[in-house]
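Printed here is my_file-v5.pdb (PDB, C-alpha atoms):
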```
ATOM      1  CA  MET A   1       0.000   0.000   0.000  1.00  0.00           C
ATOM      2  CA  LEU A   2       2.792   2.413   0.960  1.00  0.00           C
ATOM      3  CA  ARG A   3       4.733   1.563  -2.207  1.00  0.00           C
ATOM      4  CA  ALA A   4       1.664   2.226  -4.349  1.00  0.00           C
ATOM      5  CA  LEU A   5       1.071   5.528  -2.571  1.00  0.00           C
ATOM      6  CA  LEU A   6       4.669   6.623  -3.111  1.00  0.00           C
ATOM      7  CA  ALA A   7       4.410   5.684  -6.784  1.00  0.00           C
ATOM      8  CA  LEU A   8       1.239   7.746  -7.080  1.00  0.00           C
ATOM      9  CA  LEU A   9       2.891  10.739  -5.444  1.00  0.00           C
ATOM     10  CA  SER A  10       5.920  10.419  -7.719  1.00  0.00           C
ATOM     11  CA  LEU A  11       3.662  10.342 -10.759  1.00  0.00           C
ATOM     12  CA  SER A  12       1.775  13.332  -9.408  1.00  0.00           C
ATOM     13  CA  PHE A  13       5.051  15.214  -9.046  1.00  0.00           C
ATOM     14  CA  LEU A  14       5.889  14.520 -12.682  1.00  0.00           C
ATOM     15  CA  LEU A  15       2.439  15.771 -13.702  1.00  0.00           C
ATOM     16  CA  SER A  16       2.495  18.761 -11.382  1.00  0.00           C
ATOM     17  CA  CYS A  17       3.675  21.445 -13.750  1.00  0.00           C
ATOM     18  CA  GLY A  18       0.664  23.739 -13.704  1.00  0.00           C
ATOM     19  CA  GLU A  19       0.237  26.380 -16.378  1.00  0.00           C
ATOM     20  CA  VAL A  20       2.276  29.544 -15.875  1.00  0.00           C
ATOM     21  CA  ILE A  21       1.504  33.092 -16.913  1.00  0.00           C
ATOM     22  CA  THR A  22       3.270  34.069 -20.128  1.00  0.00           C
ATOM     23  CA  GLU A  23       3.273  37.175 -22.262  1.00  0.00           C
ATOM     24  CA  SER A  24       0.442  35.714 -24.320  1.00  0.00           C
ATOM     25  CA  THR A  25      -1.698  34.894 -21.266  1.00  0.00           C
ATOM     26  CA  LYS A  26      -0.856  37.808 -18.936  1.00  0.00           C
ATOM     27  CA  ASP A  27      -4.243  39.424 -19.579  1.00  0.00           C
ATOM     28  CA  ALA A  28      -6.213  36.345 -18.528  1.00  0.00           C
ATOM     29  CA  ARG A  29      -8.763  37.153 -15.828  1.00  0.00           C
ATOM     30  CA  ILE A  30      -9.596  33.626 -14.589  1.00  0.00           C
ATOM     31  CA  LEU A  31      -7.258  31.414 -12.547  1.00  0.00           C
ATOM     32  CA  LEU A  32      -8.154  27.785 -11.825  1.00  0.00           C
ATOM     33  CA  MET A  33      -6.581  25.802  -8.983  1.00  0.00           C
ATOM     34  CA  GLY A  34      -7.257  22.448  -7.354  1.00  0.00           C
ATOM     35  CA  ASP A  35      -6.734  18.715  -7.517  1.00  0.00           C
ATOM     36  CA  SER A  36      -7.439  15.890  -9.950  1.00  0.00           C
ATOM     37  CA  MET A  37     -11.131  16.734 -10.266  1.00  0.00           C
ATOM     38  CA  MET A  38      -9.967  19.850 -12.079  1.00  0.00           C
ATOM     39  CA  ALA A  39      -6.858  18.368 -13.743  1.00  0.00           C
ATOM     40  CA  ALA A  40      -8.476  15.200 -15.135  1.00  0.00           C
ATOM     41  CA  ASN A  41      -8.666  14.926 -18.942  1.00  0.00           C
ATOM     42  CA  ARG A  42      -6.158  17.747 -19.475  1.00  0.00           C
ATOM     43  CA  ALA A  43      -3.956  15.577 -21.704  1.00  0.00           C
ATOM     44  CA  SER A  44      -6.842  15.191 -24.147  1.00  0.00           C
ATOM     45  CA  GLY A  45      -7.811  18.867 -23.970  1.00  0.00           C
ATOM     46  CA  ARG A  46     -11.094  18.120 -22.170  1.00  0.00           C
ATOM     47  CA  SER A  47     -10.435  19.191 -18.588  1.00  0.00           C
ATOM     48  CA  VAL A  48     -12.635  21.516 -16.573  1.00  0.00           C
ATOM     49  CA  ALA A  49     -10.447  24.468 -17.575  1.00  0.00           C
ATOM     50  CA  ASP A  50     -10.642  23.515 -21.259  1.00  0.00           C
ATOM     51  CA  ALA A  51     -14.431  23.268 -21.126  1.00  0.00           C
ATOM     52  CA  LEU A  52     -14.671  26.500 -19.143  1.00  0.00           C
ATOM     53  CA  GLU A  53     -12.624  28.315 -21.783  1.00  0.00           C
ATOM     54  CA  GLY A  54     -14.999  27.069 -24.445  1.00  0.00           C
ATOM     55  CA  LYS A  55     -18.114  28.115 -22.536  1.00  0.00           C
ATOM     56  CA  LEU A  56     -16.846  31.576 -21.558  1.00  0.00           C
ATOM     57  CA  GLY A  57     -14.826  32.267 -24.695  1.00  0.00           C
ATOM     58  CA  GLU A  58     -11.741  33.394 -22.810  1.00  0.00           C
ATOM     59  CA  GLU A  59      -8.434  32.187 -21.381  1.00  0.00           C
ATOM     60  CA  VAL A  60      -8.372  30.198 -18.149  1.00  0.00           C
ATOM     61  CA  ILE A  61      -4.998  29.677 -16.469  1.00  0.00           C
ATOM     62  CA  ASP A  62      -5.054  26.103 -15.151  1.00  0.00           C
ATOM     63  CA  ARG A  63      -2.751  25.471 -12.177  1.00  0.00           C
ATOM     64  CA  SER A  64      -4.522  22.328 -10.885  1.00  0.00           C
ATOM     65  CA  VAL A  65      -2.482  19.221 -10.034  1.00  0.00           C
ATOM     66  CA  TYR A  66      -3.307  15.563  -9.476  1.00  0.00           C
ATOM     67  CA  ALA A  67      -3.222  14.512  -5.771  1.00  0.00           C
ATOM     68  CA  ALA A  68      -2.957  18.112  -4.568  1.00  0.00           C
ATOM     69  CA  ARG A  69      -4.112  18.918  -1.041  1.00  0.00           C
ATOM     70  CA  ILE A  70      -5.095  21.950   0.976  1.00  0.00           C
ATOM     71  CA  ILE A  71      -2.841  20.873   3.861  1.00  0.00           C
ATOM     72  CA  TYR A  72       0.539  19.772   2.509  1.00  0.00           C
ATOM     73  CA  GLY A  73       3.866  20.122   4.305  1.00  0.00           C
ATOM     74  CA  LEU A  74       6.602  19.014   1.878  1.00  0.00           C
ATOM     75  CA  PRO A  75       8.272  22.133   0.457  1.00  0.00           C
ATOM     76  CA  LEU A  76       9.611  20.929  -2.908  1.00  0.00           C
ATOM     77  CA  THR A  77       6.575  19.051  -4.179  1.00  0.00           C
ATOM     78  CA  GLY A  78       4.315  21.569  -2.475  1.00  0.00           C
ATOM     79  CA  ALA A  79       5.881  24.372  -4.477  1.00  0.00           C
ATOM     80  CA  ALA A  80       5.458  22.239  -7.609  1.00  0.00           C
ATOM     81  CA  GLY A  81       1.705  22.231  -7.072  1.00  0.00           C
ATOM     82  CA  LEU A  82       0.837  19.442  -4.647  1.00  0.00           C
ATOM     83  CA  SER A  83      -0.041  22.206  -2.188  1.00  0.00           C
ATOM     84  CA  ILE A  84      -3.170  23.903  -3.521  1.00  0.00           C
ATOM     85  CA  PRO A  85      -2.391  27.207  -1.743  1.00  0.00           C
ATOM     86  CA  GLN A  86       0.999  27.256  -3.494  1.00  0.00           C
ATOM     87  CA  GLN A  87      -0.641  26.908  -6.898  1.00  0.00           C
ATOM     88  CA  TYR A  88      -1.665  30.556  -6.633  1.00  0.00           C
ATOM     89  CA  GLN A  89       0.114  33.073  -8.838  1.00  0.00           C
ATOM     90  CA  LYS A  90      -0.371  36.790  -8.475  1.00  0.00           C
ATOM     91  CA  GLY A  91      -2.253  38.419 -11.320  1.00  0.00           C
ATOM     92  CA  ASN A  92      -5.084  40.758 -12.157  1.00  0.00           C
ATOM     93  CA  TRP A  93      -7.646  38.042 -11.593  1.00  0.00           C
ATOM     94  CA  ASP A  94     -11.351  38.784 -11.703  1.00  0.00           C
ATOM     95  CA  TRP A  95     -12.069  35.185 -10.701  1.00  0.00           C
ATOM     96  CA  VAL A  96     -10.244  32.378  -8.957  1.00  0.00           C
ATOM     97  CA  VAL A  97     -11.932  28.988  -9.365  1.00  0.00           C
ATOM     98  CA  LEU A  98     -10.768  26.156  -7.131  1.00  0.00           C
ATOM     99  CA  ASN A  99     -11.604  22.994  -5.269  1.00  0.00           C
ATOM    100  CA  GLY A 100      -9.792  21.031  -2.600  1.00  0.00           C
ATOM    101  CA  GLY A 101     -10.080  18.956   0.535  1.00  0.00           C
ATOM    102  CA  GLY A 102     -10.836  15.578  -0.999  1.00  0.00           C
ATOM    103  CA  ASN A 103      -7.248  14.374  -0.977  1.00  0.00           C
ATOM    104  CA  ASP A 104      -6.835  15.621   2.571  1.00  0.00           C
ATOM    105  CA  LEU A 105      -9.605  13.189   3.517  1.00  0.00           C
ATOM    106  CA  ILE A 106      -8.182  10.356   1.387  1.00  0.00           C
ATOM    107  CA  PHE A 107      -4.488  10.673   2.290  1.00  0.00           C
ATOM    108  CA  GLY A 108      -4.839  12.407   5.648  1.00  0.00           C
ATOM    109  CA  CYS A 109      -7.332  10.094   7.341  1.00  0.00           C
ATOM    110  CA  ALA A 110      -8.200   7.430   4.726  1.00  0.00           C
ATOM    111  CA  CYS A 111     -11.861   8.502   4.698  1.00  0.00           C
ATOM    112  CA  GLY A 112     -12.114   6.932   8.154  1.00  0.00           C
ATOM    113  CA  TYR A 113     -12.091   8.999  11.336  1.00  0.00           C
ATOM    114  CA  CYS A 114     -11.929  12.343   9.558  1.00  0.00           C
ATOM    115  CA  SER A 115     -13.819  14.729  11.850  1.00  0.00           C
ATOM    116  CA  ALA A 116     -10.573  16.310  13.060  1.00  0.00           C
ATOM    117  CA  MET A 117      -9.353  16.727   9.479  1.00  0.00           C
ATOM    118  CA  VAL A 118     -12.605  18.406   8.455  1.00  0.00           C
ATOM    119  CA  ASP A 119     -12.203  20.767  11.416  1.00  0.00           C
ATOM    120  CA  ARG A 120      -8.669  21.621  10.264  1.00  0.00           C
ATOM    121  CA  LEU A 121      -9.950  22.360   6.790  1.00  0.00           C
ATOM    122  CA  ILE A 122     -12.902  24.499   7.858  1.00  0.00           C
ATOM    123  CA  SER A 123     -14.683  25.251  11.117  1.00  0.00           C
ATOM    124  CA  PRO A 124     -18.377  24.379  11.621  1.00  0.00           C
ATOM    125  CA  ASP A 125     -19.414  28.004  10.991  1.00  0.00           C
ATOM    126  CA  GLY A 126     -17.211  28.341   7.909  1.00  0.00           C
ATOM    127  CA  SER A 127     -15.150  31.206   9.327  1.00  0.00           C
ATOM    128  CA  THR A 128     -11.773  29.647  10.119  1.00  0.00           C
ATOM    129  CA  GLY A 129      -9.521  26.809   8.975  1.00  0.00           C
ATOM    130  CA  ARG A 130      -7.143  26.257   6.119  1.00  0.00           C
ATOM    131  CA  ILE A 131      -9.782  26.652   3.391  1.00  0.00           C
ATOM    132  CA  PRO A 132     -11.139  30.014   4.669  1.00  0.00           C
ATOM    133  CA  GLU A 133      -7.543  31.201   5.169  1.00  0.00           C
ATOM    134  CA  LEU A 134      -6.806  30.456   1.513  1.00  0.00           C
ATOM    135  CA  VAL A 135     -10.047  31.979   0.271  1.00  0.00           C
ATOM    136  CA  ASN A 136      -9.448  35.139   2.319  1.00  0.00           C
ATOM    137  CA  ARG A 137      -6.002  35.455   0.745  1.00  0.00           C
ATOM    138  CA  LEU A 138      -7.482  35.106  -2.730  1.00  0.00           C
ATOM    139  CA  ARG A 139     -10.151  37.684  -1.923  1.00  0.00           C
ATOM    140  CA  ALA A 140      -7.507  40.081  -0.604  1.00  0.00           C
ATOM    141  CA  GLY A 141      -6.002  40.028  -4.104  1.00  0.00           C
ATOM    142  CA  GLY A 142      -9.249  41.469  -5.455  1.00  0.00           C
ATOM    143  CA  ALA A 143     -10.713  38.365  -7.109  1.00  0.00           C
ATOM    144  CA  LYS A 144     -14.099  36.819  -6.611  1.00  0.00           C
ATOM    145  CA  VAL A 145     -13.850  33.153  -5.671  1.00  0.00           C
ATOM    146  CA  VAL A 146     -15.770  30.131  -6.922  1.00  0.00           C
ATOM    147  CA  TYR A 147     -15.183  27.140  -4.650  1.00  0.00           C
ATOM    148  CA  SER A 148     -16.366  23.899  -6.237  1.00  0.00           C
ATOM    149  CA  GLY A 149     -17.605  20.881  -4.346  1.00  0.00           C
ATOM    150  CA  TYR A 150     -16.952  17.310  -5.464  1.00  0.00           C
ATOM    151  CA  LEU A 151     -18.857  14.924  -7.685  1.00  0.00           C
ATOM    152  CA  ARG A 152     -20.546  12.129  -5.786  1.00  0.00           C
ATOM    153  CA  ASN A 153     -20.379   8.422  -6.523  1.00  0.00           C
ATOM    154  CA  PRO A 154     -23.358   7.230  -8.643  1.00  0.00           C
ATOM    155  CA  GLY A 155     -24.184   4.550  -6.077  1.00  0.00           C
ATOM    156  CA  LEU A 156     -21.597   2.037  -7.344  1.00  0.00           C
ATOM    157  CA  PHE A 157     -18.486   0.682  -5.636  1.00  0.00           C
ATOM    158  CA  SER A 158     -15.628   3.158  -5.391  1.00  0.00           C
ATOM    159  CA  PRO A 159     -12.549   3.298  -3.144  1.00  0.00           C
ATOM    160  CA  VAL A 160     -13.546   6.805  -2.010  1.00  0.00           C
ATOM    161  CA  ARG A 161     -17.202   6.036  -1.323  1.00  0.00           C
ATOM    162  CA  PRO A 162     -16.604   6.019   2.484  1.00  0.00           C
ATOM    163  CA  CYS A 163     -15.670   9.718   2.177  1.00  0.00           C
ATOM    164  CA  LYS A 164     -19.299  10.651   1.453  1.00  0.00           C
ATOM    165  CA  VAL A 165     -20.280  11.482   5.024  1.00  0.00           C
ATOM    166  CA  TYR A 166     -17.281  13.781   5.434  1.00  0.00           C
ATOM    167  CA  GLY A 167     -17.759  15.242   1.973  1.00  0.00           C
ATOM    168  CA  ASN A 168     -21.327  16.140   2.884  1.00  0.00           C
ATOM    169  CA  GLU A 169     -20.163  17.851   6.067  1.00  0.00           C
ATOM    170  CA  LEU A 170     -17.479  19.701   4.126  1.00  0.00           C
ATOM    171  CA  ASP A 171     -20.170  20.956   1.724  1.00  0.00           C
ATOM    172  CA  ARG A 172     -22.324  22.218   4.592  1.00  0.00           C
ATOM    173  CA  ARG A 173     -19.429  24.180   6.042  1.00  0.00           C
ATOM    174  CA  LEU A 174     -18.405  25.569   2.643  1.00  0.00           C
ATOM    175  CA  ALA A 175     -21.975  26.820   2.178  1.00  0.00           C
ATOM    176  CA  ARG A 176     -21.651  28.707   5.474  1.00  0.00           C
ATOM    177  CA  MET A 177     -18.366  30.211   4.245  1.00  0.00           C
ATOM    178  CA  ASP A 178     -20.204  31.339   1.106  1.00  0.00           C
ATOM    179  CA  ALA A 179     -22.878  33.060   3.228  1.00  0.00           C
ATOM    180  CA  ARG A 180     -20.246  35.151   5.001  1.00  0.00           C
ATOM    181  CA  ASP A 181     -18.925  36.926   1.883  1.00  0.00           C
ATOM    182  CA  PRO A 182     -20.863  37.953  -1.263  1.00  0.00           C
ATOM    183  CA  GLY A 183     -17.619  37.646  -3.237  1.00  0.00           C
ATOM    184  CA  VAL A 184     -17.390  33.910  -2.500  1.00  0.00           C
ATOM    185  CA  ILE A 185     -19.558  31.377  -4.318  1.00  0.00           C
ATOM    186  CA  PHE A 186     -19.698  27.774  -3.192  1.00  0.00           C
ATOM    187  CA  LEU A 187     -20.939  25.487  -5.962  1.00  0.00           C
ATOM    188  CA  PRO A 188     -21.940  22.016  -4.743  1.00  0.00           C
ATOM    189  CA  MET A 189     -21.563  19.220  -7.276  1.00  0.00           C
ATOM    190  CA  SER A 190     -23.260  16.598  -5.099  1.00  0.00           C
ATOM    191  CA  ASP A 191     -26.400  16.563  -7.252  1.00  0.00           C
ATOM    192  CA  LEU A 192     -24.645  16.447 -10.610  1.00  0.00           C
ATOM    193  CA  VAL A 193     -24.284  12.655 -10.945  1.00  0.00           C
ATOM    194  CA  PRO A 194     -27.523  10.701 -11.563  1.00  0.00           C
ATOM    195  CA  GLU A 195     -27.972   7.602  -9.414  1.00  0.00           C
ATOM    196  CA  GLY A 196     -26.634   4.543 -11.230  1.00  0.00           C
ATOM    197  CA  ASP A 197     -25.085   6.581 -14.075  1.00  0.00           C
ATOM    198  CA  PRO A 198     -21.291   6.118 -14.310  1.00  0.00           C
ATOM    199  CA  SER A 199     -20.906   8.263 -17.448  1.00  0.00           C
ATOM    200  CA  LEU A 200     -19.694  11.358 -15.573  1.00  0.00           C
ATOM    201  CA  HIS A 201     -16.803   9.357 -14.105  1.00  0.00           C
ATOM    202  CA  GLN A 202     -13.789   7.574 -15.496  1.00  0.00           C
ATOM    203  CA  GLU A 203     -13.593   3.813 -14.989  1.00  0.00           C
ATOM    204  CA  ASP A 204     -12.107   4.297 -11.514  1.00  0.00           C
ATOM    205  CA  LEU A 205     -15.350   6.018 -10.421  1.00  0.00           C
ATOM    206  CA  VAL A 206     -13.191   8.666  -8.748  1.00  0.00           C
ATOM    207  CA  HIS A 207     -12.104  11.105 -11.454  1.00  0.00           C
ATOM    208  CA  PRO A 208     -14.486  12.850 -13.839  1.00  0.00           C
ATOM    209  CA  SER A 209     -14.814  11.676 -17.413  1.00  0.00           C
ATOM    210  CA  PRO A 210     -14.721  14.327 -20.162  1.00  0.00           C
ATOM    211  CA  LYS A 211     -18.516  14.461 -19.814  1.00  0.00           C
ATOM    212  CA  GLY A 212     -18.111  15.015 -16.079  1.00  0.00           C
ATOM    213  CA  SER A 213     -15.508  17.748 -16.584  1.00  0.00           C
ATOM    214  CA  ALA A 214     -17.835  19.489 -19.036  1.00  0.00           C
ATOM    215  CA  ALA A 215     -20.724  19.300 -16.572  1.00  0.00           C
ATOM    216  CA  ILE A 216     -18.588  20.797 -13.795  1.00  0.00           C
ATOM    217  CA  ALA A 217     -17.414  23.572 -16.134  1.00  0.00           C
ATOM    218  CA  ALA A 218     -20.998  24.337 -17.213  1.00  0.00           C
ATOM    219  CA  ARG A 219     -22.056  24.929 -13.608  1.00  0.00           C
ATOM    220  CA  ILE A 220     -19.018  27.137 -12.955  1.00  0.00           C
ATOM    221  CA  ALA A 221     -19.567  29.125 -16.170  1.00  0.00           C
ATOM    222  CA  THR A 222     -23.198  29.774 -15.246  1.00  0.00           C
ATOM    223  CA  ALA A 223     -22.140  31.119 -11.831  1.00  0.00           C
ATOM    224  CA  ILE A 224     -19.477  33.384 -13.322  1.00  0.00           C
ATOM    225  CA  ARG A 225     -21.867  34.797 -15.918  1.00  0.00           C
ATOM    226  CA  ALA A 226     -24.569  35.391 -13.321  1.00  0.00           C
ATOM    227  CA  ASN A 227     -22.137  37.326 -11.121  1.00  0.00           C
ATOM    228  CA  THR A 228     -20.360  39.357 -13.802  1.00  0.00           C
ATOM    229  CA  PRO A 229     -21.700  42.880 -14.471  1.00  0.00           C
ATOM    230  CA  GLN A 230     -22.880  43.269 -18.042  1.00  0.00           C
TER     231      GLN A 230
END
```
Would you mind writing the structure in this file as structure tokens?
Amino acid sequence: MLRALLALLSLSFLLSCGEVITESTKDARILLMGDSMMAANRASGRSVADALEGKLGEEVIDRSVYAARIIYGLPLTGAAGLSIPQQYQKGNWDWVVLNGGGNDLIFGCACGYCSAMVDRLISPDGSTGRIPELVNRLRAGGAKVVYSGYLRNPGLFSPVRPCKVYGNELDRRLARMDARDPGVIFLPMSDLVPEGDPSLHQEDLVHPSPKGSAAIAARIATAIRANTPQ
């Protein structure tokens, strides 16, 4: 198990080169951060960021990384993107879109006794914890923030299915964070997957399929349009 985990982390490190701002993208107004829910399908050009670009008709800088966490202590791989807070790059962002917390539950407490981990991520009232700290930092840079929840399992076997109870609690607390600041939008994805329908997931029933990435992007695009002055 440990060997497999180390192999996964090594692969994640190799895949952890998030997009950087270049002369051709310096005017982009949307930054996307997060873990494999955001990064999935990037190699085929059908990730959440790719679909979001298509729906909004503008550049999205994608800094998301497989296996990234909110709470991550290793400096080298953290700086390479396995720390979601360290994925942030300064810029004139109108919007920062991100997710995170799922891998903290998977790697930090194995989706088992995770109440303490949820508390570290975000307090019951949504005001403190590592997620609100990050969101406050993003807001201080002038951007509005869209925080995405996670897809849920369609009712089939999945290695992360035991995380559901903690994922639901995380969603409740993120909704309370949303209520504290009109510049923060929490978008739950818990209702996006129809019961018994695996088409929004890859075969592992963990990561989104291209269809799933497109569905996530559609919900994010709708929120951004609804909260952008015309």
Selection dump of the PyMOL selection byres ((chain A and resi 66) around 6), as number ranges by chain: A: 12, 35-36, 65, 67-68
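Restricting the calculation to all atoms listed in the file, the smallest distance between Arg219 in chain A and any of A:Gly45, A:Tyr147, A:Asn168, A:Leu187 is found for A:Leu187.
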Nearest residue to Asp62 in chain A from the set A:Glu169, A:Glu203, A:Asp50, A:Glu19 (distances using only C-alpha atoms): A:Glu19
Contacts of Gly81 in chain A within 8 Å, all atoms listed in the file, excl. fewer than 4 positions in-chain, as a PyMOL selection string: chain A and resi 16-18+63-65+68+77+86-87
Residues near Gly73 in chain A, cut-off 12 Å, only C-alpha atoms, skip fewer than 3 positions along chain, as a PyMOL selection string: chain A and resi 68-70+76-79+81-86+104+108
Keeping only C-alpha atoms, write those residues as a short mmCIF file (atom, residue, chain, number, x, y, z; two decimals), in the frame of the given file.
```cif
data_model
loop_
_atom_site.label_atom_id
_atom_site.label_comp_id
_atom_site.auth_asym_id
_atom_site.auth_seq_id
_atom_site.Cartn_x
_atom_site.Cartn_y
_atom_site.Cartn_z
CA ALA A 68 -2.96 18.11 -4.57
CA ARG A 69 -4.11 18.92 -1.04
CA ILE A 70 -5.10 21.95 0.98
CA LEU A 76 9.61 20.93 -2.91
CA THR A 77 6.58 19.05 -4.18
CA GLY A 78 4.32 21.57 -2.48
CA ALA A 79 5.88 24.37 -4.48
CA GLY A 81 1.70 22.23 -7.07
CA LEU A 82 0.84 19.44 -4.65
CA SER A 83 -0.04 22.21 -2.19
CA ILE A 84 -3.17 23.90 -3.52
CA PRO A 85 -2.39 27.21 -1.74
CA GLN A 86 1.00 27.26 -3.49
CA ASP A 104 -6.84 15.62 2.57
CA GLY A 108 -4.84 12.41 5.65
#
```
What's the 9 Å shell around Ser47 in chain A, counting all atoms listed in the file, without same-chain residues fewer than 2 positions away, as a PDB file with C-alpha atoms, in the frame of the given file?
```
ATOM      1  CA  MET A  37     -11.131  16.734 -10.266  1.00  0.00           C
ATOM      2  CA  MET A  38      -9.967  19.850 -12.079  1.00  0.00           C
ATOM      3  CA  ALA A  39      -6.858  18.368 -13.743  1.00  0.00           C
ATOM      4  CA  ALA A  40      -8.476  15.200 -15.135  1.00  0.00           C
ATOM      5  CA  ASN A  41      -8.666  14.926 -18.942  1.00  0.00           C
ATOM      6  CA  ARG A  42      -6.158  17.747 -19.475  1.00  0.00           C
ATOM      7  CA  ALA A  43      -3.956  15.577 -21.704  1.00  0.00           C
ATOM      8  CA  SER A  44      -6.842  15.191 -24.147  1.00  0.00           C
ATOM      9  CA  GLY A  45      -7.811  18.867 -23.970  1.00  0.00           C
ATOM     10  CA  ALA A  49     -10.447  24.468 -17.575  1.00  0.00           C
ATOM     11  CA  ASP A  50     -10.642  23.515 -21.259  1.00  0.00           C
ATOM     12  CA  ALA A  51     -14.431  23.268 -21.126  1.00  0.00           C
ATOM     13  CA  LEU A  52     -14.671  26.500 -19.143  1.00  0.00           C
ATOM     14  CA  PRO A 208     -14.486  12.850 -13.839  1.00  0.00           C
ATOM     15  CA  SER A 209     -14.814  11.676 -17.413  1.00  0.00           C
ATOM     16  CA  PRO A 210     -14.721  14.327 -20.162  1.00  0.00           C
ATOM     17  CA  SER A 213     -15.508  17.748 -16.584  1.00  0.00           C
ATOM     18  CA  ALA A 214     -17.835  19.489 -19.036  1.00  0.00           C
ATOM     19  CA  ALA A 217     -17.414  23.572 -16.134  1.00  0.00           C
TER      20      ALA A 217
END
```
Pairwise distance for CA of Arg46 in chain A and CA of Ala218 in chain A, rounded to one decimal in Å: 12.7 Å
Interatomic distance (Å, one decimal) between CA of Ile61 in chain A and CA of Gln230 in chain A: 22.5 Å
Result set of the PyMOL selection byres ((chain A and resi 171-176) around 12) on the coordinates above, as a ChimeraX atom specification: /A:99-102,118-132,135,146-152,164-170,177-182,184-191
